[in-house]
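**Q** Here it is, the structure, as structure tokens.
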There are 2 protein chains.
Amino acid sequence: MTYQAPVQEMIFLLEALCGLEDLSQHPAYADATPETVEAILEAAGQFTGKVLAPLNAVGDRAGLGFSDGSITTPPGWKEAYQQIVEMGWNSPATPVDVGGMGLPMVVNACIQEMFNSANCAFHLCSLLTQGAIESIEGYASEELKALYLAKLVSGEWSGTMNLTEPQAGSDLGALKSRAVPDGDHFKITGQKIFITHGEHDLTENIIHLVLARLPDAPAGVKGISLFVVPKYLVNADGSLGAHNDLRCVSIEHKLGIHASPTCTMAYGDKGGATGYLVGEPHKGLAYMFAMMNNARLAMGVQAVGIGERATQQAFGYAQDRVQGVPPNGDNNGAIIGHPDVKRMLGLMRTKTDAGRILTLKAAAAIDRARYGEDQATRDYHQRRVDLLIPIAKGWCTEAAVASASLGIQVHGGMGFVEETGAAQHLRDARITTIYEGTTGIQALDLVGRKILRDKGFAAQELIAELRATLATMSLEQEMMPFYAELVGGLDSLEVAVGWLLEASEEERRALACDVLELFGITLGAFGLAEALQAAAARERDDLASRRRRTAFYFAHVLPQAKALGRFAARAARGAHLIEPSDLAIA
Amino acid sequence: MTYQAPVQEMIFLLEALCGLEDLSQHPAYADATPETVEAILEAAGQFTGKVLAPLNAVGDRAGLGFSDGSITTPPGWKEAYQQIVEMGWNSPATPVDVGGMGLPMVVNACIQEMFNSANCAFHLCSLLTQGAIESIEGYASEELKALYLAKLVSGEWSGTMNLTEPQAGSDLGALKSRAVPDGDHFKITGQKIFITHGEHDLTENIIHLVLARLPDAPAGVKGISLFVVPKYLVNADGSLGAHNDLRCVSIEHKLGIHASPTCTMAYGDKGGATGYLVGEPHKGLAYMFAMMNNARLAMGVQAVGIGERATQQAFGYAQDRVQGVPPNGDNNGAIIGHPDVKRMLGLMRTKTDAGRILTLKAAAAIDRARYGEDQATRDYHQRRVDLLIPIAKGWCTEAAVASASLGIQVHGGMGFVEETGAAQHLRDARITTIYEGTTGIQALDLVGRKILRDKGFAAQELIAELRATLATMSLEQEMMPFYAELVGGLDSLEVAVGWLLEASEEERRALACDVLELFGITLGAFGLAEALQAAAARERDDLASRRRRTAFYFAHVLPQAKALGRFAARAARGAHLIEPSDLAIA
């Protein structure tokens, strides 16, 4: 149940695959030299391993106290949160001038992964706050910024995102909450559900970012505005005023992330909660979407974190547990010597490693889209971000669920016993394919907005770039075993893009998740191959091990891409033609 | 949350694919005419849907009371169990002369599926009792049979199987419990873990079947004997005597099947529990293995049952939930119109349907192996049983976990909320790939004992038979779209068997689970195709729907077999070469 942060691997990936040195040349990241980053990651690794990781099972078992609208977090959580505030871990990527560490997103992603490995339910509080900070920093008035930003960045206050209503989940156009002008502010009324950390006892104030409709708002997604609605009103001098007209009505009893409060929030029961418009009216959804990439990436990172934790735990168990006689008698007879146990751990390890590379590449692209040298460079990286985000979110979260389930399997009967802790990882991971947009939503985003809308341009651009990378691999002996497979992978991505441009709407949608998986598996293979190439160039000690891990992924995971990729044949066979009535009981 | 038993589908499969009419010609099954069976299944469907299904969530939430060695089952369970005893549902396949219904195993499998769909935690009590009955009926002395069988068959008493010890799970050779002769009986001492329904309040006595070693026993698996150890000693007249020297020390806090007690049992704390030897000394494991096929099939059936329940629940939700705009505007805008939701439900529906066919074919083979007209016929069917059991257990249980997880996904955020009930199916299903032998154990059994030991004879026999079935399909227009794929599927099975005969031990074991999955997917495709062919021959109303479901499976599931099946290439790529040290954190 211990967790050891993979700091050395992260530093290797940051330097060899994500261009950390190059990024730190930019004035905004001047402090993010490789040496400083290494020190920061080491410190984060220590804190998450020693303080947060032991509180993970505590939170799962204790859950939350709920009484009269107030929530009590598990034993030890307040103290740990206080340390986060004091050490400045709450929002490391926020620029220095707003009180953050000013770290690149790609470094923040490493920190987020560690916090999620250690205690994902706990870390959600900071993740949501990071989202609120971005909304306010990006779109709110100077007055709102001055009043709210600093305390959100430090973590003295936390933030939430209030989107979902009972009838408005994936389809936010259906939301009904209302905002009526009232002097310099608005009166907000409505009910929001699934509000993560909507109420808790970790901070003295909670700043809700709430989507609602103004009286003159057009119907659908174009009539939604964004408001800051604090739990306690904030006086001009920053001190806290009266309790706002909002409350947590109930919390959900969930499969996992037991200690992360999932709240139903009631706004305006006594006439209207005081809220402040962020930016312009009716642009709330655009603002949300602008920060959606970061939020979705954070969920991909969370999934990698849970996958890493599950892998470490299963590895530890398999090293200790003696049962049966492995074919070669080493390992003191521990089950890790059994080829099938190695297979399960190999799937967990390599998909986690591949997912980490995918999320870090997406994060690095965010940094470059923000701080690239010219507009063309920034546009190029933004295209890459937009393309990679649904893949990183969709594929890494599905991989985490699979890994956590395999983690149980490695434990055998003990995996089904809650005390072991393996089951918690599956229960926690299971939300990641759902929130911030289900895998199905990610797939529609990938296929529709990210591939079709520009007629395959961004996707072809990526494929062409990977072909160029391949050309460099072709010169190296180390990469020979993987070369032909990677060519095949790129070919199947190209075929998929071509097919999408021709397919009917029904066909596309029916196979969209498989397109996403094809991209995830293939980009994962590329990431592992690139890491291997870089490890060879640097003559790293772990080269032989990395070669076997890469070969394992190519033998066990990549072949699935071939089966997925035959979209035209599968559509011709009727993949999309099943009818609702066919699905009823026989 | 309601459950409607698929009685009509079961009857169709029993008659069209499992030869029920033919089976009922045998004197042992004389009462199992299609008319009687239909009436029995209708009654079981009513009982499970109305009485047991509503108690499923009750049991999950209430869990078990445990105090001073005694266990309290959830509200309503005792009453429901009493109805089972009164109605004779406890052990329907037990012969009439021992008090059972004398139904074929294939009909019992249908009944088991319904009970598992309705309430798998509850049904485990009867399933374990059925195992105990088989052990006693098959191997115990007439005296033990006379004393124990009738009340176990009726369900007045329940039975358990005590195999696992802390150091002896998959490897029973390591077990340490001891049995010392003491007059006409033995004194049993030792600790057993993971004993399902080892203690409960549903019956007045519990009959434990316990594996232990005699003082002169050889080490390993050849020194294990089987004992009957009743909770209350039984007097010669059948009345209950003193409490035996055994007790439930603790129960596990588990991920799922919350209301099924998983007990740690202590035998002989006060000197030795009184036990009675079953059959001959040192043959306990052989007796256990003789009933292992039925026990493992029962777990495959349980998985199909949970998959069916999860599918029905997700289907119901998807019909009601309105969100977004499906591409064609029917279904009142319910999410079941979304192609990706149909894809998820299609995977759940078709894999459940295919799994049902697979389990019923295995069950029908058990009936024919028992009552075939001559030894050659019985041997032939026993080979088929032995080959199909690990596939039915391994593939159906993995499919159930996947289906239950998809069921959560169909529900979106609501799926993660426990009140919805979707999550329980995943939590419950998750044990099925573990108990009665993990998927890895099933795969080793398939590859080692069932394929290699007879040099591929039984596997080739099955493949040849399926080729003959294919020849009949080639003549029918209806089957044209599936013909080439089925030929390809059989070819890949044949290649797999050939590869296994050549592969190294390490290679075989590393890819054994994939061999199992290849067989499962391909046999599933065959089952669906045969059902379609039979439906066409009978001009059934559901023909068009069945054709689309079959096409869906061929477009979404069967292609995975191709990726799995390239064993030689995957082994050449190093699928088996990953080292334990490669799996540690980076």
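Please note that chains go A, B, ... in the order of the structure tokens, that every chain numbers its residues from 1, and that ligands are numbered from 1 in the order shown.
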Using only C-alpha atoms, determine which residues lie at most 9 Å from Ala399 of chain B, disregarding the query and same-chain residues fewer than 2 positions distant; provide the list as number ranges by chain.
**A** B: 303-304, 307, 348, 351-352, 355, 394-397, 401-404
**Q** Neighbouring residues of Ala242 of chain B were defined as those with any atom within 10 Å, considering only C-alpha atoms; residues of the same chain fewer than 5 positions away were excluded. Please report them as JSON, numbers by chain.
**A** {"B": [231, 232, 233, 234, 235]}
**Q** Find the residues around Pro215 of chain A up to 8 Å (only C-alpha atoms counted), leave out those fewer than 6 positions away in its own chain, and share them as a list of chain:residue names.
**A**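 The filter keeps A:Arg178, A:Ala179, A:Val180.
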**Q** Please produce a file of those selected residues containing C-alpha atoms, as a JSON list (two decimals), in the first residue's frame.
**A**
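The new file result19.json reads:
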[["chain", "number", "residue", "atom", "x", "y", "z"],
["A", 178, "ARG", "CA", -31.24, 31.19, -13.71],
["A", 179, "ALA", "CA", -29.41, 34.45, -13.00],
["A", 180, "VAL", "CA", -31.34, 37.72, -12.58]]
**Q** Measuring between only C-alpha atoms, which one of A:Lys50, A:His123, A:Lys254, A:Lys176 shows the shortest distance to Phe194 of chain A?
**A** A:Lys254
**Q** If you count only C-alpha atoms, which residues fall within 8 Å of Glu21 of chain A, apart from same-chain ones fewer than 4 positions away, as a PyMOL selection string?
**A** chain A and resi 15+25+33-34
**Q** Could those selected residues go to a file with N, CA and C atoms, as a tab-separated table (two decimals), in the first residue's frame?
**A**
chain	number	residue	atom	x	y	z
A	15	GLU	N	12.87	15.57	-20.01
A	15	GLU	CA	14.06	16.04	-20.72
A	15	GLU	C	14.17	15.45	-22.12
A	25	GLN	N	13.76	27.92	-21.48
A	25	GLN	CA	14.35	29.11	-22.10
A	25	GLN	C	13.35	30.26	-22.12
A	33	THR	N	14.21	25.30	-14.60
A	33	THR	CA	15.39	24.62	-15.13
A	33	THR	C	15.31	23.14	-14.74
A	34	PRO	N	15.96	22.28	-15.50
A	34	PRO	CA	15.92	20.87	-15.14
A	34	PRO	C	16.31	20.62	-13.69
**Q** With only C-alpha atoms as the atoms that count, which of A:Thr350, A:His197, A:Asp514, A:Val228 lies nearest to His556 of chain B?
**A**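 Using only C-alpha atoms, His556 of chain B sits closest to A:Asp514.
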**Q** Counting only C-alpha atoms, what is within 12 Å of Leu347 of chain A, bar same-chain residues fewer than 5 positions away, as a PyMOL selection string?
**A** (chain A and resi 307-308+310-311+314-315+340-342+352-355+399-400+402-407+410+549-558) or (chain B and resi 510+575+578+582-583)
**Q** Let's see if you can do this: from backbone DSSP, list all helix (DSSP H, G or I) residues in segment 179-420 of chain A, as a PyMOL selection string.
**A** chain A and resi 220-223+284-320+331-333+335-337+339-371+375-416+418-420
**Q** Any idea what the distance is between atom CA of Phe416 of chain A and atom CA of Ile251 of chain B?
**A**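 Atom CA of Phe416 of chain A sits 12.7 Å away from atom CA of Ile251 of chain B.
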**Q** Atom CA of Ile224 of chain B to atom CA of Ile335 of chain A: how many Å, to one decimal?
**A**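 Straight-line distance from atom CA of Ile224 of chain B to atom CA of Ile335 of chain A works out to 23.1 Å.
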**Q** Restricting the calculation to only C-alpha atoms: of B:Ala364, B:Val487, B:Ala168, B:Leu214, which residue gets closest to Leu103 of chain B?
**A**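 Comparing B:Ala364, B:Val487, B:Ala168, B:Leu214 against Leu103 of chain B, the winner is B:Ala364.
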**Q** Excluding segment 56-66 of chain A and residues on its chain fewer than 5 positions from it, collect all residues at most 12 Å away from it, counting only C-alpha atoms, and give them as number ranges by chain.
**A** A: 1-3, 48-51, 71-78, 80, 115-123, 197, 199-201, 248-263, 306, 309, 418-425, 427-428; B: 253
**Q** For Glu143 of chain A, which of A:Leu358, A:Ala109, A:Leu277, A:Val417 is the closest residue, counting only C-alpha atoms?
**A**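 Among the listed residues, the smallest separation from Glu143 of chain A belongs to A:Leu277.
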**Q** Could you pull out the strand (DSSP E) residues of segment 3-197 of chain B, going by DSSP on the backbone, and write them as a list in words?
**A**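 Filtering segment 3-197 of chain B down to strand (DSSP E) leaves Gly65, Phe66, Ser67, Ser70, Ile71, Thr72, Trp157, Ser158, Gly159, Thr160, Met161, Asn162, Arg178, Ala179, Val180, Pro181, Asp182, His185, Phe186, Lys187, Ile188, Thr189, Gly190, Gln191, Lys192, Ile193, Phe194, Ile195 and Thr196 of chain B.
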**Q** Write the residues you've just listed into a file as a PDB file, in the first residue's frame, and include N, CA and C atoms for each of them.
**A**
ATOM      1  N   GLY B  65     -24.691  -9.261   9.425  1.00  0.00           N
ATOM      2  CA  GLY B  65     -24.372  -9.040  10.830  1.00  0.00           C
ATOM      3  C   GLY B  65     -23.435 -10.144  11.298  1.00  0.00           C
ATOM      4  N   PHE B  66     -22.418  -9.789  12.069  1.00  0.00           N
ATOM      5  CA  PHE B  66     -21.507 -10.815  12.592  1.00  0.00           C
ATOM      6  C   PHE B  66     -21.252 -10.535  14.050  1.00  0.00           C
ATOM      7  N   SER B  67     -21.579 -11.501  14.885  1.00  0.00           N
ATOM      8  CA  SER B  67     -21.384 -11.306  16.311  1.00  0.00           C
ATOM      9  C   SER B  67     -21.148 -12.662  16.963  1.00  0.00           C
ATOM     10  N   SER B  70     -21.667 -15.811  15.056  1.00  0.00           N
ATOM     11  CA  SER B  70     -22.942 -15.999  14.355  1.00  0.00           C
ATOM     12  C   SER B  70     -23.139 -14.919  13.296  1.00  0.00           C
ATOM     13  N   ILE B  71     -23.830 -15.299  12.244  1.00  0.00           N
ATOM     14  CA  ILE B  71     -24.061 -14.370  11.135  1.00  0.00           C
ATOM     15  C   ILE B  71     -25.546 -14.172  10.922  1.00  0.00           C
ATOM     16  N   THR B  72     -25.926 -12.917  10.730  1.00  0.00           N
ATOM     17  CA  THR B  72     -27.315 -12.599  10.434  1.00  0.00           C
ATOM     18  C   THR B  72     -27.416 -12.177   8.978  1.00  0.00           C
ATOM     19  N   TRP B 157     -30.707 -28.266   5.227  1.00  0.00           N
ATOM     20  CA  TRP B 157     -29.319 -28.001   5.602  1.00  0.00           C
ATOM     21  C   TRP B 157     -28.592 -27.443   4.387  1.00  0.00           C
ATOM     22  N   SER B 158     -27.534 -26.703   4.634  1.00  0.00           N
ATOM     23  CA  SER B 158     -26.722 -26.240   3.507  1.00  0.00           C
ATOM     24  C   SER B 158     -25.340 -26.867   3.572  1.00  0.00           C
ATOM     25  N   GLY B 159     -24.599 -26.762   2.487  1.00  0.00           N
ATOM     26  CA  GLY B 159     -23.266 -27.355   2.422  1.00  0.00           C
ATOM     27  C   GLY B 159     -22.215 -26.318   2.035  1.00  0.00           C
ATOM     28  N   THR B 160     -20.961 -26.631   2.375  1.00  0.00           N
ATOM     29  CA  THR B 160     -19.855 -25.740   2.001  1.00  0.00           C
ATOM     30  C   THR B 160     -18.690 -26.567   1.485  1.00  0.00           C
ATOM     31  N   MET B 161     -17.780 -25.900   0.810  1.00  0.00           N
ATOM     32  CA  MET B 161     -16.555 -26.534   0.345  1.00  0.00           C
ATOM     33  C   MET B 161     -15.378 -25.832   1.010  1.00  0.00           C
ATOM     34  N   ASN B 162     -14.617 -26.578   1.828  1.00  0.00           N
ATOM     35  CA  ASN B 162     -13.480 -25.982   2.557  1.00  0.00           C
ATOM     36  C   ASN B 162     -12.172 -26.422   1.938  1.00  0.00           C
ATOM     37  N   ARG B 178      -5.260 -30.862   9.406  1.00  0.00           N
ATOM     38  CA  ARG B 178      -4.964 -32.253   9.745  1.00  0.00           C
ATOM     39  C   ARG B 178      -6.206 -33.013  10.205  1.00  0.00           C
ATOM     40  N   ALA B 179      -6.190 -34.325   9.966  1.00  0.00           N
ATOM     41  CA  ALA B 179      -7.269 -35.211  10.416  1.00  0.00           C
ATOM     42  C   ALA B 179      -6.637 -36.422  11.080  1.00  0.00           C
ATOM     43  N   VAL B 180      -7.006 -36.651  12.348  1.00  0.00           N
ATOM     44  CA  VAL B 180      -6.433 -37.762  13.116  1.00  0.00           C
ATOM     45  C   VAL B 180      -7.551 -38.761  13.426  1.00  0.00           C
ATOM     46  N   PRO B 181      -7.309 -40.049  13.150  1.00  0.00           N
ATOM     47  CA  PRO B 181      -8.355 -41.061  13.409  1.00  0.00           C
ATOM     48  C   PRO B 181      -8.742 -41.081  14.891  1.00  0.00           C
ATOM     49  N   ASP B 182     -10.040 -41.248  15.140  1.00  0.00           N
ATOM     50  CA  ASP B 182     -10.541 -41.281  16.518  1.00  0.00           C
ATOM     51  C   ASP B 182     -11.793 -42.147  16.524  1.00  0.00           C
ATOM     52  N   HIS B 185     -14.533 -42.065  13.562  1.00  0.00           N
ATOM     53  CA  HIS B 185     -14.467 -40.773  12.878  1.00  0.00           C
ATOM     54  C   HIS B 185     -13.048 -40.202  12.982  1.00  0.00           C
ATOM     55  N   PHE B 186     -12.911 -38.922  12.673  1.00  0.00           N
ATOM     56  CA  PHE B 186     -11.602 -38.254  12.699  1.00  0.00           C
ATOM     57  C   PHE B 186     -11.712 -36.940  13.458  1.00  0.00           C
ATOM     58  N   LYS B 187     -10.568 -36.511  14.001  1.00  0.00           N
ATOM     59  CA  LYS B 187     -10.530 -35.202  14.645  1.00  0.00           C
ATOM     60  C   LYS B 187      -9.839 -34.234  13.686  1.00  0.00           C
ATOM     61  N   ILE B 188     -10.551 -33.203  13.286  1.00  0.00           N
ATOM     62  CA  ILE B 188     -10.059 -32.262  12.283  1.00  0.00           C
ATOM     63  C   ILE B 188      -9.565 -30.993  12.971  1.00  0.00           C
ATOM     64  N   THR B 189      -8.377 -30.569  12.600  1.00  0.00           N
ATOM     65  CA  THR B 189      -7.871 -29.281  13.089  1.00  0.00           C
ATOM     66  C   THR B 189      -7.283 -28.491  11.922  1.00  0.00           C
ATOM     67  N   GLY B 190      -7.453 -27.182  12.007  1.00  0.00           N
ATOM     68  CA  GLY B 190      -6.888 -26.328  10.948  1.00  0.00           C
ATOM     69  C   GLY B 190      -7.745 -25.101  10.705  1.00  0.00           C
ATOM     70  N   GLN B 191      -7.194 -24.200   9.909  1.00  0.00           N
ATOM     71  CA  GLN B 191      -7.928 -22.983   9.574  1.00  0.00           C
ATOM     72  C   GLN B 191      -8.171 -22.915   8.074  1.00  0.00           C
ATOM     73  N   LYS B 192      -9.399 -22.637   7.713  1.00  0.00           N
ATOM     74  CA  LYS B 192      -9.764 -22.501   6.307  1.00  0.00           C
ATOM     75  C   LYS B 192     -10.220 -21.062   6.056  1.00  0.00           C
ATOM     76  N   ILE B 193      -9.870 -20.512   4.920  1.00  0.00           N
ATOM     77  CA  ILE B 193     -10.311 -19.145   4.597  1.00  0.00           C
ATOM     78  C   ILE B 193     -11.137 -19.144   3.322  1.00  0.00           C
ATOM     79  N   PHE B 194     -11.840 -18.010   3.133  1.00  0.00           N
ATOM     80  CA  PHE B 194     -12.679 -17.813   1.935  1.00  0.00           C
ATOM     81  C   PHE B 194     -13.755 -18.897   1.830  1.00  0.00           C
ATOM     82  N   ILE B 195     -14.347 -19.281   2.963  1.00  0.00           N
ATOM     83  CA  ILE B 195     -15.383 -20.314   2.938  1.00  0.00           C
ATOM     84  C   ILE B 195     -16.748 -19.660   2.745  1.00  0.00           C
ATOM     85  N   THR B 196     -17.269 -19.827   1.540  1.00  0.00           N
ATOM     86  CA  THR B 196     -18.540 -19.202   1.170  1.00  0.00           C
ATOM     87  C   THR B 196     -19.692 -19.849   1.939  1.00  0.00           C
TER      88      THR B 196
END
**Q** So that I can check the surroundings of Phe567 of chain A, please list as JSON, numbers by chain every protein, DNA and RNA residue that reaches within 8 Å of it, counting only C-alpha atoms and ignoring chain neighbours fewer than 4 positions away.
**A** {"A": [496, 499, 511, 571]}
**Q** Quick one, how far is atom CA of Gly337 of chain B from atom CA of Asp541 of chain B?
**A** 22.8 Å
**Q** Here is a test: counting only C-alpha atoms, which residue of A:Gly131, A:Gly155, A:Pro327, A:Gly448 is nearest to chain B?
**A**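 Between A:Gly131, A:Gly155, A:Pro327, A:Gly448, the residue approaching chain B most closely is A:Pro327.
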**Q** In terms of the shortest atom-to-atom distance over only C-alpha atoms, which of A:Ala212, A:Ala561, A:Leu490, A:Ile451 is closest to chain B?
**A**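 Among the listed residues, A:Ala561 lies closest to chain B.
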